[in-house]
Amino acid sequence: MTDTELMLTLVTCVALMAFVAWVSYAMTKGSVDSKDGYFLAGRNLGGLFIAGSLLLTNLSAEQLIGLNGSAYGFNFSSMAWEVTAAVSTVAMAMIFLPRYLAGAFTTLPEFLRDRFDPQVQQMALVLFMLGYGLVTIPSVLYSGSIAVIKLFDVPALLGVTQFEALVITILIIGSIGSVYAIFGGLKAVAVSDTLNGVGLLVVGALVPTLGLYALGSGDILAGLKTITTVHPEKLNAIGGASDPTPFGTIFTGMVMANLFYWCTNQYVIQRTLAARNLAEGQKGVLLSGFLKLLVPFFMMLPGVIAYHLYGPGLASIDLAYPQLIRDLFPTWLMGFFLAVLLGAVFSSFNSLLNSAATLFCMDIYTPLKGGKVSEKQTVKVAMIVSVITAIFSFIVAPLLFFAPEGLWQIIRIFTGFYNIPIVAIVIVGLFTNYVPALGAKIVIIFHVIAYGLLKFVFDDIVTIHFLHLYAILFGIEVAIMLVAGRVQPMSNPWTFKRRDVVDLTPWRFGRPVTFTLLSAVVGTYVLFSPIGIASGEFGTGFFLIIGALVIANVMAWLFLFRQSEHSKI
């Protein structure tokens, strides 16, 4: 890249980032002076902003490079992490969100205190804060910085070593991302996420389009024919035992992992807790589910295109997407892509900062002060906590450079220390009223010890896939809580205390949209399967299943409209 090209890229990138920052500032000015304003965007987020923020919070540089690399090196099996997440968005919209909004909760530990006791709240809080501070936030910064370095060869551009380039990139990305979370609160995060989300969708469509154009020597249809007839098995999402994501794991631990992420993970669900009403919250969550179904097309198809363009000879599968971007994008588009890439990193980073500050202020600082803290003081403390957390992450993130394989292995499995017990406790807490706090405490202690032993001590003996291990532990922990409820039930069964801060009228189209979304999940798997596109031709079974899904959806929507007509009479 010449100096002129570099300058054009940087100017375009800065201009687009400045536009996003200006719009975010204009839409959040004067709205962050109160706790609800800072932590929950004044409980006034609409469905579009919720969906945009959920999408960008979930997708970052790691997915852009990792999912395309998986498709390049293997097949479409890893799309399971994205596509099946749509099922969990249904659970969030229709089951969890109505309860969360009815209780007017700001944090998940706050719900656990209401359902169990302050000790369970504190134990869950420790798990969240350790996970965010030591692993999740630093790893987001690290993976985002590595992506920028790979795509734009930062060491060569700046004339520095790889590690120096990493530190510089981390500081720049982290400092800019911190501004949104520290000074703008959740609304600034949601607005910037939505704008960057539009950019991500544009880039997501451009990359495979330009890739097919190049593969077909100027003919997109010819490129499409190539990937569907030459090595069509690369498009197979039904993973075998040797693939990155075996198909069977979808029905065991992946269900638990996705339920944790979309229904109980504070930094994800916080924007849904900020919905102006239940209907808008449900719209936003379900829309994010539909957007997740685009991921195979935008974040895995380019990997297959790279395989056809470059063959299997790239030094690393993680180079597939960066190489494709460098070869396909003209200079004037590189700045736009860099802005979108940074926006995706900012989203995850600043969402984590905002949620860490929320957890500290609402579940540690305010209780320590006996609840007698002014809203202005709470916001001030939140800003200080965000700054401290950001600085801490700037220190920890570069350390991943020195032992990437070992630390990345820990990062991959670390969330297993807290995701499964949190899901088990929340589900049992929501659907029973007699299970005591003792059951939740036993589960947390049991899980941390058992999971640690199985993954770090007996890992040579227990060789089952970690997702299957999730499911086994989940079953054991639910059983522990139910037994605790039988042996020592609560003397006064828990009753849910409603605090109707927002309108809790469900979205009228929630159920049929849910049915359509689940049908789309099935249809996506049928498309990328041996009876679909992965065989090189569509079999009879493909058309029968797709036809049945279409007919079922038409009947579901007709039933809804008939009900609506009867209700008017």
# chains A, B, ... in the order shown; residues from 1 in each chain; ligands from 1
>>> residues_around(residues="Asn236 in chain A", least_positions_apart="6", cutoff="10 Å", atoms="only C-alpha atoms", output="list of chain:residue names")
A:Ala71, A:Phe74, A:Asn75, A:Phe76, A:Ser77, A:Met79, A:Tyr525, A:Val526, A:Leu527, A:Phe528, A:Ser529, A:Pro530, A:Ile531, A:Gly532, A:Ile533, A:Ala534, A:Ser535
>>> select_by_dssp(residues="range 3-92 of chain A", states="alpha helix (DSSP H)", output="MDAnalysis selection string")
chainID A and resid 3:28 35:40 47:58 61:73 80:83 85:91
>>> residues_around(residues="Leu200 in chain A", least_positions_apart="3", cutoff="8 Å", atoms="only C-alpha atoms", output="MDAnalysis selection string")
chainID A and resid 196:197 203:204 340:341 344
>>> write_last_selection(atoms="C-alpha atoms", output="tab-separated table (two decimals), in the first residue's frame")
chain	number	residue	atom	x	y	z
A	196	ASN	CA	-21.92	0.24	12.43
A	197	GLY	CA	-24.29	-2.70	12.00
A	203	VAL	CA	-19.55	-5.06	3.79
A	204	GLY	CA	-20.98	-8.51	4.43
A	340	VAL	CA	-16.73	-1.25	9.99
A	341	LEU	CA	-14.13	-3.65	11.40
A	344	ALA	CA	-17.45	-4.29	15.42
>>> atom_distance(atom1="CA of Ile420 in chain A", atom2="CA of Met123 in chain A")
14.0 Å
>>> closest_atom_pairs(of="range 233-343 of chain A", to="range 536-547 of chain A", cutoff="12 Å", atoms="only C-alpha atoms", output="JSON lines")
{"residue": "A:Glu233", "atom": "CA", "partner": "A:Gly536", "partner_atom": "CA", "distance": 8.0}
{"residue": "A:Lys234", "atom": "CA", "partner": "A:Gly536", "partner_atom": "CA", "distance": 10.4}
{"residue": "A:Leu235", "atom": "CA", "partner": "A:Gly536", "partner_atom": "CA", "distance": 9.4}
{"residue": "A:Asn236", "atom": "CA", "partner": "A:Gly536", "partner_atom": "CA", "distance": 10.4}
>>> residues_around(residues="range 472-478 of chain A", least_positions_apart="3", cutoff="7 Å", atoms="only C-alpha atoms", output="number ranges by chain")
A: 420, 424, 428, 443, 468-469, 481-482
>>> closest_atom_pairs(of="range 295-374 of chain A", to="range 12-17 of chain A", cutoff="9 Å", atoms="only C-alpha atoms", output="CSV")
residue,atom,partner,partner_atom,distance
A:Trp332,CA,A:Thr12,CA,7.5
A:Leu333,CA,A:Thr12,CA,8.2
A:Met334,CA,A:Cys13,CA,8.0
A:Gly335,CA,A:Cys13,CA,4.3
A:Phe336,CA,A:Cys13,CA,5.5
A:Phe337,CA,A:Cys13,CA,7.8
A:Leu338,CA,A:Cys13,CA,6.2
A:Ala339,CA,A:Cys13,CA,4.9
A:Val340,CA,A:Cys13,CA,8.5
A:Leu342,CA,A:Met17,CA,8.8
A:Gly343,CA,A:Met17,CA,8.0
>>> write_last_selection(atoms="N, CA and C atoms", output="tab-separated table (two decimals), in the first residue's frame")
chain	number	residue	atom	x	y	z
A	332	TRP	N	-10.32	2.90	-2.21
A	332	TRP	CA	-11.33	3.81	-1.66
A	332	TRP	C	-12.33	3.09	-0.76
A	333	LEU	N	-12.39	1.75	-0.87
A	333	LEU	CA	-13.29	0.99	-0.01
A	333	LEU	C	-12.61	0.47	1.25
A	334	MET	N	-11.28	0.45	1.25
A	334	MET	CA	-10.56	-0.09	2.40
A	334	MET	C	-10.82	0.71	3.67
A	335	GLY	N	-10.95	2.01	3.53
A	335	GLY	CA	-11.24	2.85	4.69
A	335	GLY	C	-12.61	2.54	5.27
A	336	PHE	N	-13.58	2.31	4.39
A	336	PHE	CA	-14.92	1.94	4.84
A	336	PHE	C	-14.88	0.61	5.58
A	337	PHE	N	-14.14	-0.35	5.02
A	337	PHE	CA	-14.04	-1.65	5.67
A	337	PHE	C	-13.35	-1.53	7.03
A	338	LEU	N	-12.28	-0.75	7.11
A	338	LEU	CA	-11.58	-0.58	8.38
A	338	LEU	C	-12.50	0.03	9.42
A	339	ALA	N	-13.31	1.02	9.01
A	339	ALA	CA	-14.24	1.66	9.94
A	339	ALA	C	-15.26	0.65	10.47
A	340	VAL	N	-15.75	-0.23	9.59
A	340	VAL	CA	-16.73	-1.25	9.99
A	340	VAL	C	-16.07	-2.28	10.92
A	342	LEU	N	-13.44	-1.84	12.86
A	342	LEU	CA	-13.21	-1.21	14.16
A	342	LEU	C	-14.53	-1.03	14.91
A	343	GLY	N	-15.60	-0.72	14.17
A	343	GLY	CA	-16.90	-0.57	14.80
A	343	GLY	C	-17.36	-1.85	15.47
>>> closest_atom_pairs(of="range 110-144 of chain A", to="range 383-405 of chain A", cutoff="10 Å", atoms="only C-alpha atoms", output="JSON lines")
{"residue": "A:Tyr132", "atom": "CA", "partner": "A:Thr389", "partner_atom": "CA", "distance": 9.5}
{"residue": "A:Gly133", "atom": "CA", "partner": "A:Thr389", "partner_atom": "CA", "distance": 7.1}
{"residue": "A:Leu134", "atom": "CA", "partner": "A:Val396", "partner_atom": "CA", "distance": 7.5}
{"residue": "A:Val135", "atom": "CA", "partner": "A:Ala397", "partner_atom": "CA", "distance": 8.6}
{"residue": "A:Thr136", "atom": "CA", "partner": "A:Ser393", "partner_atom": "CA", "distance": 9.5}
{"residue": "A:Ile137", "atom": "CA", "partner": "A:Ser393", "partner_atom": "CA", "distance": 6.4}
{"residue": "A:Pro138", "atom": "CA", "partner": "A:Ala397", "partner_atom": "CA", "distance": 4.3}
{"residue": "A:Ser139", "atom": "CA", "partner": "A:Ala397", "partner_atom": "CA", "distance": 6.2}
{"residue": "A:Val140", "atom": "CA", "partner": "A:Ala397", "partner_atom": "CA", "distance": 8.4}
{"residue": "A:Leu141", "atom": "CA", "partner": "A:Ala397", "partner_atom": "CA", "distance": 6.4}
{"residue": "A:Tyr142", "atom": "CA", "partner": "A:Ala397", "partner_atom": "CA", "distance": 5.4}
{"residue": "A:Ser143", "atom": "CA", "partner": "A:Ala397", "partner_atom": "CA", "distance": 9.1}
>>> atom_distance(atom1="CA of Pro312 in chain A", atom2="CA of Val148 in chain A")
23.2 Å
